[in-house]
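Next up, protein-v8.txt (compact mmCIF, C-alpha atoms and all ligand atoms):
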```txt
# COMPACT_ATOMS: atom_id res chain seq x y z
CA MET A 99 9.27 -6.69 24.13
CA ILE A 100 6.98 -9.31 22.56
CA ASP A 101 8.37 -12.77 21.88
CA LEU A 102 7.43 -15.93 20.02
CA ASP A 103 5.16 -17.14 22.83
CA ASP A 104 3.04 -13.99 22.48
CA VAL A 105 2.61 -14.68 18.77
CA LEU A 106 1.85 -18.37 19.35
CA ALA A 107 -0.77 -17.43 21.94
CA ALA A 108 -2.20 -14.87 19.52
CA ARG A 109 -2.51 -17.54 16.92
CA GLU A 110 -4.82 -19.59 19.14
CA ARG A 111 -6.95 -16.53 19.76
CA VAL A 112 -7.27 -15.35 16.16
CA ALA A 113 -7.65 -18.76 14.49
CA GLU A 114 -11.44 -18.65 14.53
CA THR A 115 -11.74 -15.17 13.10
CA ALA A 116 -8.77 -14.56 10.82
CA ARG A 117 -8.02 -16.65 7.77
CA HIS A 118 -4.73 -18.44 7.17
CA THR A 119 -4.08 -16.65 3.87
CA PRO A 120 -2.45 -18.20 0.78
CA LEU A 121 1.25 -18.01 0.02
CA ASP A 122 1.36 -18.14 -3.73
CA TYR A 123 4.38 -18.82 -5.93
CA SER A 124 4.52 -16.09 -8.58
CA HIS A 125 5.90 -17.34 -11.85
CA THR A 126 5.68 -13.84 -13.35
CA VAL A 127 7.56 -12.01 -10.60
CA SER A 128 10.10 -14.82 -10.26
CA GLU A 129 10.83 -14.51 -13.95
CA MET A 130 11.03 -10.72 -13.78
CA THR A 131 13.46 -10.72 -10.84
CA GLY A 132 15.37 -14.00 -11.00
CA ALA A 133 14.36 -14.64 -7.38
CA ASP A 134 12.03 -17.39 -6.16
CA VAL A 135 9.08 -15.20 -5.24
CA HIS A 136 6.09 -16.26 -3.17
CA LEU A 137 3.42 -13.65 -2.46
CA LYS A 138 1.73 -13.60 0.95
CA LEU A 139 -1.81 -12.76 -0.11
CA GLU A 140 -3.20 -11.00 2.92
CA THR A 141 -5.50 -9.22 0.47
CA PHE A 142 -7.69 -12.30 0.86
CA GLN A 143 -7.95 -11.75 4.60
CA ARG A 144 -11.38 -10.98 6.04
CA THR A 145 -12.01 -7.22 5.76
CA GLY A 146 -9.40 -7.15 2.99
CA ALA A 147 -6.36 -6.54 5.22
CA PHE A 148 -4.33 -8.03 8.06
CA LYS A 149 -5.65 -5.66 10.73
CA ILE A 150 -8.28 -8.13 11.92
CA ARG A 151 -5.47 -10.27 13.38
CA GLY A 152 -4.10 -7.66 15.78
CA ALA A 153 -7.53 -6.30 16.70
CA THR A 154 -8.86 -9.79 17.48
CA ASN A 155 -5.88 -10.58 19.71
CA ARG A 156 -6.16 -7.26 21.53
CA ILE A 157 -9.86 -7.66 22.21
CA ALA A 158 -9.47 -11.31 23.27
CA THR A 159 -6.92 -10.31 25.92
CA LEU A 160 -9.18 -7.70 27.56
CA SER A 161 -10.66 -8.58 30.93
CA ALA A 162 -14.36 -9.47 31.10
CA ALA A 163 -15.08 -6.02 32.58
CA GLU A 164 -13.13 -4.28 29.83
CA GLN A 165 -14.94 -6.27 27.18
CA GLU A 166 -18.24 -5.32 28.76
CA ALA A 167 -17.31 -1.62 28.61
CA GLY A 168 -16.45 -1.86 24.92
CA VAL A 169 -13.61 -0.54 22.78
CA VAL A 170 -12.93 2.61 20.80
CA THR A 171 -10.44 3.49 18.11
CA ALA A 172 -9.70 6.07 15.45
CA SER A 173 -8.86 5.15 11.90
CA ALA A 174 -9.44 6.28 8.35
CA GLY A 175 -8.63 2.91 6.91
CA ASN A 176 -8.14 -0.79 7.43
CA HIS A 177 -7.83 -0.70 11.21
CA ALA A 178 -11.39 0.65 11.45
CA GLN A 179 -12.78 -2.38 9.68
CA GLY A 180 -10.50 -4.80 11.53
CA VAL A 181 -11.60 -3.50 14.94
CA ALA A 182 -15.28 -3.40 13.95
CA LEU A 183 -15.35 -7.03 12.82
CA ALA A 184 -13.06 -8.33 15.57
CA ALA A 185 -15.28 -6.70 18.20
CA THR A 186 -18.51 -7.95 16.65
CA ARG A 187 -17.12 -11.50 16.52
CA ALA A 188 -16.19 -11.26 20.20
CA GLY A 189 -19.55 -9.78 21.18
CA VAL A 190 -17.88 -6.52 22.21
CA ASP A 191 -19.27 -3.08 21.42
CA ALA A 192 -16.98 -0.97 19.20
CA THR A 193 -16.98 2.75 18.45
CA VAL A 194 -14.81 3.85 15.56
CA VAL A 195 -14.05 7.53 15.04
CA MET A 196 -13.31 8.36 11.43
CA PRO A 197 -12.41 11.74 9.91
CA GLU A 198 -15.44 13.52 8.45
CA HIS A 199 -14.16 13.19 4.88
CA ALA A 200 -13.39 9.44 5.18
CA PRO A 201 -14.39 7.63 1.97
CA VAL A 202 -18.04 6.61 2.04
CA ALA A 203 -17.13 3.03 1.12
CA LYS A 204 -14.93 2.70 4.23
CA VAL A 205 -17.55 4.20 6.50
CA LYS A 206 -20.16 1.83 5.09
CA ALA A 207 -17.87 -1.19 5.42
CA THR A 208 -17.03 -0.34 9.04
CA ARG A 209 -20.74 0.01 9.86
CA GLY A 210 -21.40 -3.22 7.95
CA TYR A 211 -18.97 -5.05 10.24
CA GLY A 212 -20.98 -3.85 13.21
CA GLY A 213 -18.99 -0.81 14.36
CA ARG A 214 -20.67 2.40 15.57
CA VAL A 215 -19.06 5.07 13.41
CA VAL A 216 -18.56 8.59 14.72
CA LEU A 217 -17.46 11.06 12.06
CA HIS A 218 -15.28 13.74 13.56
CA GLY A 219 -12.54 16.14 12.54
CA ASP A 220 -10.61 16.96 9.42
CA ASP A 221 -7.90 14.36 9.75
CA TYR A 222 -6.73 11.33 11.66
CA ALA A 223 -5.24 13.39 14.50
CA GLU A 224 -8.55 15.13 15.21
CA ALA A 225 -10.43 11.83 14.97
CA ALA A 226 -7.95 10.26 17.42
CA GLU A 227 -8.43 13.13 19.86
CA ARG A 228 -12.19 12.54 19.85
CA ALA A 229 -11.64 8.78 20.24
CA HIS A 230 -9.55 9.40 23.36
CA GLU A 231 -12.30 11.64 24.76
CA ILE A 232 -14.78 8.81 24.20
CA GLU A 233 -12.32 6.44 25.90
CA ARG A 234 -12.42 8.65 29.01
CA GLU A 235 -16.12 9.51 28.88
CA GLU A 236 -17.37 5.97 28.34
CA GLY A 237 -14.63 3.93 30.00
CA ARG A 238 -13.85 2.08 26.79
CA THR A 239 -10.46 0.61 25.94
CA TYR A 240 -8.59 2.35 23.14
CA VAL A 241 -7.35 -0.17 20.56
CA HIS A 242 -4.17 1.28 19.09
CA ALA A 243 -3.49 0.57 15.43
CA PHE A 244 0.10 -0.52 15.99
CA ASP A 245 1.82 0.55 19.21
CA ASP A 246 0.47 -2.22 21.41
CA PRO A 247 2.14 -5.59 22.19
CA MET A 248 -1.07 -7.59 21.65
CA VAL A 249 -1.73 -5.88 18.32
CA MET A 250 1.84 -6.59 17.20
CA ALA A 251 1.58 -10.22 18.32
CA GLY A 252 -1.66 -10.64 16.37
CA GLN A 253 -0.10 -9.28 13.18
CA GLY A 254 2.86 -11.62 13.83
CA THR A 255 0.68 -14.63 13.09
CA ILE A 256 1.38 -13.85 9.42
CA GLY A 257 5.04 -14.68 10.11
CA LEU A 258 4.10 -18.07 11.60
CA GLU A 259 2.03 -18.92 8.53
CA VAL A 260 4.87 -17.96 6.18
CA MET A 261 7.42 -20.10 8.02
CA GLU A 262 5.04 -23.05 8.18
CA ASP A 263 4.02 -22.88 4.54
CA LEU A 264 7.51 -22.18 3.23
CA PRO A 265 10.24 -23.19 5.70
CA GLY A 266 12.88 -22.35 3.08
CA THR A 267 11.98 -18.64 3.16
CA GLU A 268 15.13 -16.51 3.05
CA THR A 269 13.77 -12.96 2.95
CA VAL A 270 10.43 -11.46 3.99
CA VAL A 271 9.53 -7.98 2.77
CA VAL A 272 7.02 -6.05 4.86
CA PRO A 273 5.45 -2.58 4.58
CA ILE A 274 5.91 -0.21 7.52
CA GLY A 275 3.38 2.40 8.60
CA GLY A 276 3.37 2.56 12.37
CA GLY A 277 5.41 -0.63 12.51
CA GLY A 278 3.00 -3.06 14.16
CA LEU A 279 2.91 -5.44 11.25
CA ILE A 280 6.66 -5.74 10.76
CA SER A 281 7.28 -5.97 14.53
CA GLY A 282 5.02 -9.00 14.79
CA ILE A 283 6.29 -10.67 11.64
CA ALA A 284 9.97 -10.10 12.49
CA THR A 285 9.42 -11.48 15.99
CA ALA A 286 7.83 -14.65 14.62
CA VAL A 287 10.19 -15.40 11.73
CA LYS A 288 13.42 -14.56 13.59
CA ALA A 289 12.38 -16.81 16.48
CA LYS A 290 11.59 -19.64 14.08
CA LYS A 291 14.69 -19.14 11.97
CA PRO A 292 17.12 -16.35 12.90
CA GLU A 293 18.84 -16.27 9.52
CA VAL A 294 15.70 -15.15 7.70
CA ARG A 295 16.20 -11.58 6.55
CA VAL A 296 13.41 -9.08 7.30
CA VAL A 297 13.26 -6.05 5.01
CA GLY A 298 10.93 -3.15 5.84
CA VAL A 299 9.49 -0.87 3.17
CA GLN A 300 8.21 2.67 3.52
CA ALA A 301 6.87 5.09 0.95
CA GLU A 302 9.41 7.81 0.09
CA GLY A 303 6.87 10.46 1.05
CA ALA A 304 6.22 8.86 4.44
CA SER A 305 9.63 7.53 5.41
CA SER A 306 10.84 8.09 8.93
CA VAL A 307 12.25 4.77 10.08
CA ALA A 308 15.63 4.97 8.34
CA GLN A 309 16.18 8.43 9.88
CA SER A 310 14.94 7.19 13.25
CA LEU A 311 17.34 4.23 13.16
CA GLU A 312 20.19 6.54 12.28
CA LYS A 313 19.36 8.95 15.09
CA GLY A 314 18.60 6.21 17.60
CA GLU A 315 15.18 7.69 18.46
CA VAL A 316 11.80 8.07 16.81
CA VAL A 317 11.84 10.89 14.28
CA GLU A 318 8.54 12.46 13.21
CA ARG A 319 7.89 13.86 9.75
CA ASP A 320 6.13 17.21 9.38
CA ALA A 321 3.95 15.86 6.60
CA VAL A 322 3.32 12.72 4.58
CA GLU A 323 2.51 12.40 0.90
CA THR A 324 1.94 9.05 -0.76
CA ILE A 325 -0.65 7.06 -2.69
CA ALA A 326 -0.08 4.23 -0.20
CA ASP A 327 -2.53 5.65 2.36
CA GLY A 328 -2.26 2.57 4.62
CA ILE A 329 1.33 3.52 5.45
CA ALA A 330 0.96 7.29 5.35
CA THR A 331 2.14 7.66 8.94
CA ARG A 332 4.19 10.54 10.31
CA ARG A 333 6.06 8.43 12.84
CA VAL A 334 6.48 4.84 13.96
CA GLY A 335 5.43 3.80 17.46
CA GLU A 336 7.73 3.90 20.46
CA LEU A 337 7.25 0.17 21.15
CA THR A 338 7.40 -0.87 17.52
CA PHE A 339 10.58 1.16 17.04
CA GLU A 340 12.36 -0.91 19.68
CA VAL A 341 11.33 -4.15 17.96
CA ILE A 342 12.32 -2.84 14.54
CA ARG A 343 15.71 -1.76 15.89
CA GLU A 344 16.38 -5.21 17.23
CA ARG A 345 14.80 -7.51 14.66
CA VAL A 346 14.57 -5.81 11.27
CA ASP A 347 17.62 -6.11 9.05
CA GLU A 348 17.06 -3.34 6.55
CA VAL A 349 14.55 -0.56 5.82
CA VAL A 350 14.18 0.81 2.29
CA THR A 351 11.85 3.24 0.52
CA VAL A 352 9.93 3.20 -2.77
CA SER A 353 8.49 6.02 -4.85
CA ASP A 354 4.80 6.27 -5.67
CA ASP A 355 5.61 5.56 -9.32
CA GLU A 356 7.35 2.32 -8.33
CA THR A 357 4.33 1.42 -6.23
CA ALA A 358 2.04 2.13 -9.18
CA VAL A 359 4.10 -0.18 -11.40
CA ALA A 360 3.95 -2.98 -8.81
CA LEU A 361 0.21 -2.51 -8.38
CA THR A 362 -0.51 -2.60 -12.12
CA THR A 363 1.82 -5.59 -12.59
CA LEU A 364 -0.14 -7.49 -9.94
CA LEU A 365 -3.43 -6.54 -11.56
CA GLU A 366 -2.45 -7.35 -15.10
CA ARG A 367 -0.22 -10.37 -14.61
CA GLY A 368 -1.31 -11.73 -11.24
CA LYS A 369 -5.03 -10.89 -11.45
CA THR A 370 -4.65 -9.63 -7.91
CA LEU A 371 -5.94 -6.31 -6.62
CA VAL A 372 -3.92 -4.66 -3.88
CA GLU A 373 -3.98 -1.19 -2.38
CA GLY A 374 -0.93 1.10 -2.48
CA ALA A 375 0.41 -0.09 0.89
CA GLY A 376 -0.20 -3.66 -0.26
CA ALA A 377 2.06 -3.10 -3.28
CA VAL A 378 5.13 -1.48 -1.71
CA ALA A 379 6.86 -4.73 -0.73
CA LEU A 380 6.67 -5.95 -4.29
CA ALA A 381 7.68 -2.49 -5.54
CA ALA A 382 10.88 -2.67 -3.47
CA LEU A 383 11.67 -6.07 -4.97
CA LEU A 384 10.94 -5.02 -8.58
CA ALA A 385 12.90 -1.78 -8.20
CA GLU A 386 15.80 -3.65 -6.58
CA ARG A 387 15.73 -1.44 -3.51
CA PHE A 388 17.53 -4.20 -1.61
CA ASP A 389 20.04 -6.77 -2.83
CA TYR A 390 18.99 -10.33 -3.45
CA ALA A 391 20.63 -13.33 -5.03
CA ASP A 392 19.47 -15.29 -8.05
CA GLY A 393 17.03 -17.91 -6.88
CA GLU A 394 16.68 -16.41 -3.38
CA THR A 395 13.35 -17.28 -1.78
CA VAL A 396 11.63 -13.94 -1.19
CA VAL A 397 8.20 -13.35 0.34
CA PRO A 398 6.68 -9.89 -0.23
CA CYS A 399 3.67 -9.32 2.01
CA LEU A 400 0.72 -7.98 0.07
CA CYS A 401 -1.03 -6.75 3.17
CA GLY A 402 -4.22 -5.19 1.96
CA GLY A 403 -6.55 -4.76 -0.98
CA ASN A 404 -8.87 -1.96 0.07
CA ILE A 405 -8.39 0.69 -2.55
CA ASP A 406 -10.68 3.53 -3.47
CA LEU A 407 -11.77 3.15 -7.10
CA ASN A 408 -10.83 6.74 -7.95
CA VAL A 409 -7.37 6.19 -6.51
CA LEU A 410 -7.12 2.92 -8.41
CA THR A 411 -7.88 4.72 -11.69
CA THR A 412 -5.11 7.22 -11.01
CA VAL A 413 -2.65 4.52 -9.99
CA ILE A 414 -3.36 2.47 -13.10
CA MET A 415 -2.74 5.53 -15.28
CA ARG A 416 0.52 6.26 -13.45
CA GLY A 417 1.58 2.62 -13.82
CA LEU A 418 0.84 2.68 -17.54
CA VAL A 419 2.76 5.94 -18.01
CA GLU A 420 5.71 4.63 -16.02
CA THR A 421 5.93 1.49 -18.16
CA GLY A 422 5.56 3.31 -21.49
CA ARG A 423 2.03 2.09 -22.09
CA TYR A 424 0.39 5.49 -22.08
CA LEU A 425 1.73 8.75 -23.43
CA ARG A 426 0.45 12.30 -23.50
CA LEU A 427 2.17 14.65 -25.89
CA ARG A 428 1.79 18.12 -27.29
CA THR A 429 2.75 19.52 -30.65
CA VAL A 430 1.93 22.50 -32.82
CA LEU A 431 0.50 22.34 -36.37
CA LYS A 432 -0.17 24.86 -39.07
CA ASP A 433 -3.88 25.66 -38.85
CA ARG A 434 -4.86 24.52 -42.32
CA PRO A 435 -6.80 21.58 -43.83
CA GLY A 436 -4.92 18.28 -43.94
CA GLU A 437 -2.37 19.10 -41.19
CA LEU A 438 -4.11 17.06 -38.51
CA GLU A 439 -4.53 14.16 -40.92
CA ARG A 440 -0.81 14.22 -41.68
CA LEU A 441 0.01 14.04 -37.96
CA VAL A 442 -2.45 11.22 -37.38
CA GLU A 443 -0.92 9.30 -40.26
CA VAL A 444 2.53 9.33 -38.64
CA ILE A 445 0.96 8.06 -35.42
CA SER A 446 -0.98 5.34 -37.19
CA THR A 447 2.11 4.24 -39.15
CA HIS A 448 3.72 3.61 -35.78
CA ARG A 449 0.65 1.70 -34.62
CA ALA A 450 -0.05 3.84 -31.58
CA ASN A 451 -3.71 4.04 -30.64
CA ILE A 452 -5.26 7.46 -30.13
CA TYR A 453 -7.17 7.53 -26.87
CA ALA A 454 -8.01 11.24 -26.83
CA ILE A 455 -7.20 14.26 -28.92
CA GLU A 456 -7.59 17.97 -28.31
CA HIS A 457 -7.14 20.57 -31.04
CA ASP A 458 -6.90 24.15 -29.82
CA ARG A 459 -6.42 27.34 -31.80
CA ALA A 460 -7.13 29.74 -28.96
CA SER A 461 -4.00 29.11 -26.91
CA ARG A 462 -1.98 32.26 -26.27
CA ASP A 463 1.26 30.27 -26.43
CA ILE A 464 1.09 29.72 -30.18
CA ALA A 465 1.15 31.88 -33.30
CA MET A 466 -2.16 33.11 -34.75
CA ASN A 467 -2.09 30.70 -37.68
CA ASP A 468 -1.05 27.68 -35.64
CA ALA A 469 -3.05 25.08 -33.74
CA GLU A 470 -1.97 23.22 -30.64
CA VAL A 471 -2.68 19.51 -30.46
CA GLU A 472 -2.61 17.39 -27.33
CA LEU A 473 -2.80 13.65 -27.81
CA ASP A 474 -3.33 10.81 -25.36
CA LEU A 475 -1.91 7.63 -26.86
CA GLU A 476 -1.89 3.97 -25.96
CA THR A 477 1.59 2.59 -26.58
CA ARG A 478 3.32 -0.74 -26.13
CA GLY A 479 6.30 0.10 -23.92
CA HIS A 480 9.34 2.37 -23.75
CA ASP A 481 10.86 1.18 -27.07
CA HIS A 482 7.60 1.84 -28.86
CA VAL A 483 7.39 5.33 -27.33
CA GLU A 484 10.95 6.13 -28.43
CA ALA A 485 10.30 4.91 -31.99
CA LEU A 486 7.11 6.98 -32.19
CA LEU A 487 8.80 10.14 -30.89
CA ASP A 488 11.69 9.66 -33.36
CA GLY A 489 9.15 9.18 -36.17
CA LEU A 490 7.29 12.38 -35.25
CA ARG A 491 10.50 14.40 -35.02
CA GLU A 492 11.72 13.00 -38.36
CA ALA A 493 8.42 14.12 -39.86
CA GLY A 494 9.20 17.64 -38.65
CA TYR A 495 7.11 17.90 -35.51
CA GLU A 496 8.38 19.49 -32.36
CA VAL A 497 7.03 17.24 -29.67
CA GLU A 498 6.72 17.83 -25.97
CA VAL A 499 6.02 14.81 -23.78
CA LEU A 500 3.52 15.83 -21.10
CA VAL A 501 3.29 12.52 -19.23
C1 LIG A 601 -2.53 -2.46 3.82
C2 LIG A 601 -1.61 -2.03 4.90
N1 LIG A 601 -0.33 -2.39 4.82
C3 LIG A 601 0.55 -2.03 5.79
C4 LIG A 601 0.18 -1.28 6.87
C5 LIG A 601 1.20 -0.89 7.91
O1 LIG A 601 1.01 -1.51 9.13
P1 LIG A 601 1.68 -0.92 10.43
O2 LIG A 601 1.02 0.41 10.71
O3 LIG A 601 1.43 -1.91 11.49
O4 LIG A 601 3.13 -0.75 10.12
C6 LIG A 601 -1.15 -0.88 7.00
C7 LIG A 601 -1.60 -0.08 8.14
O5 LIG A 601 -2.70 0.40 8.19
C8 LIG A 601 -2.08 -1.27 5.99
O6 LIG A 601 -3.38 -0.92 6.06
```
Turn this file's structure into structure tokens for me.
Amino acid sequence: MIDLDDVLAARERVAETARHTPLDYSHTVSEMTGADVHLKLETFQRTGAFKIRGATNRIATLSAAEQEAGVVTASAGNHAQGVALAATRAGVDATVVMPEHAPVAKVKATRGYGGRVVLHGDDYAEAAERAHEIEREEGRTYVHAFDDPMVMAGQGTIGLEVMEDLPGTETVVVPIGGGGLISGIATAVKAKKPEVRVVGVQAEGASSVAQSLEKGEVVERDAVETIADGIATRRVGELTFEVIRERVDEVVTVSDDETAVALTTLLERGKTLVEGAGAVALAALLAERFDYADGETVVPCLCGGNIDLNVLTTVIMRGLVETGRYLRLRTVLKDRPGELERLVEVISTHRANIYAIEHDRASRDIAMNDAEVELDLETRGHDHVEALLDGLREAGYEVEVLV
């Protein structure tokens, strides 16, 4: 099992390539939660995520012959970019196998960092199979995304930075996918200060660690479903599981809606863009998925900021809906002049802004002389939504909230 010395050694090796990222006091989140919240902004790491740390440490610890033969990995996300840049910086050749439908932006970024990209298979598993074939055919070293002591130790350098920048840290909150990140961080912070609490966070649709801890062995999910694609992992690693079991205090889950709220809060209030996996630690704090005291010094790790713009659009919409800032509703009007105007007047009296409106007479669900209206509205929060719905009902409308 890795220890503090491994992380300290990793730090020497990654110092030239990985940035020491900021730890920023968040006035907004501290006020919202009553805790003393400092955000570890790994979103500002090179390549936009922490993965460069582990990859750099792994590649630096290869023998000269192994470095000469090059490395290979499979990834649809941040690990691909981390390995590509780490290898380029070390003068090592890297092949990265990505699923055929991997987002173009990620493929381009990985190539931009100097990796040779091979597109193969429908999903990560098929890409990984091909990567292992290349490992055998070309004698390259496979760089695992999490289940490798040197990768874990590299990610653990985040823990050293946190403890140095804020020795009074009481709780660190860390996302879990395969578990490499939290294994490294827990190893570093517990060695520096054993009383620091380490809380792991998984997406509800990709949770397996709590069940694995309960069962005492790694449990694999049949499927995963979450907007936090960085942690959409069916199972944690065998090595990481052992570290988690020994050094992580608590593992909680968050829903995608909670993640969307955290992500939009960071965007709007913190001017900080994170990806889904980068928002789950904050989501767990905001949704009170673990207990914390007033004034407790809490450090959520915002581990990555590489989000697909289409996904971002969806997440922002979900965040707005969840916080009562966006509402879609349906009602039925008599199909005669002036009816739509009367409806719009009620909405405007309540100062809701109409974003989109659809007026349909052809729907089979309504009477022949009725019209169905679907409205997308910008609202100012849950109280505003309630007042508007009351107003519409008082005016005689039957209203169905769609989102
Ligand atoms: C942004 C982000 N956060 C968290 C994780 C989880 O890291 P690990 O798989 O080491 O648990 C990942 C993994 O890809 C990630 O990309």
What's the separation between atom CA of A:Ala377 and atom CA of A:Lys288, in Å to one decimal place?
23.3 Å
Distance filter 7 Å around ligand LIG 601 (chain A), atoms: only C-alpha atoms and all ligand atoms, out as a PyMOL selection string:
chain A and resi 147+175-177+243-244+273-280+328-329+373+375-376+401-403
Within 7 Å of A:Val430 using only C-alpha atoms, minus same-chain residues under 6 positions, as a PDB file with C-alpha atoms, keeping the file's coordinate frame:
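Output below, filename out27.pdb:
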```
ATOM      1  CA  ASP A 468      -1.050  27.680 -35.640  1.00  0.00           C
ATOM      2  CA  ALA A 469      -3.050  25.080 -33.740  1.00  0.00           C
ATOM      3  CA  GLU A 470      -1.970  23.220 -30.640  1.00  0.00           C
ATOM      4  CA  VAL A 471      -2.680  19.510 -30.460  1.00  0.00           C
TER       5      VAL A 471
END
```
Between A:Thr171, A:Ile464, A:Thr477, A:Ile405, which one has atoms that come closest to A:Thr421, using only C-alpha atoms?
A:Thr477
All residues 12 Å or closer to A:Ala321, all atoms listed in the file, same chain fewer than 3 positions away omitted, as an mmCIF file with C-alpha atoms, in the coordinates of the input:
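Writing the result to selection_7.cif gives the following:
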```
data_model
loop_
_atom_site.group_PDB
_atom_site.id
_atom_site.type_symbol
_atom_site.label_atom_id
_atom_site.label_comp_id
_atom_site.auth_asym_id
_atom_site.auth_seq_id
_atom_site.Cartn_x
_atom_site.Cartn_y
_atom_site.Cartn_z
ATOM 1 C CA GLU A 302 9.410 7.810 0.090
ATOM 2 C CA GLY A 303 6.870 10.460 1.050
ATOM 3 C CA ALA A 304 6.220 8.860 4.440
ATOM 4 C CA SER A 305 9.630 7.530 5.410
ATOM 5 C CA SER A 306 10.840 8.090 8.930
ATOM 6 C CA GLU A 318 8.540 12.460 13.210
ATOM 7 C CA THR A 324 1.940 9.050 -0.760
ATOM 8 C CA ALA A 330 0.960 7.290 5.350
ATOM 9 C CA THR A 331 2.140 7.660 8.940
ATOM 10 C CA ARG A 332 4.190 10.540 10.310
ATOM 11 C CA ARG A 333 6.060 8.430 12.840
#
```
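When atom CA of A:Pro120 is paired with atom CA of A:Gly393, their separation reads 20.9 Å.
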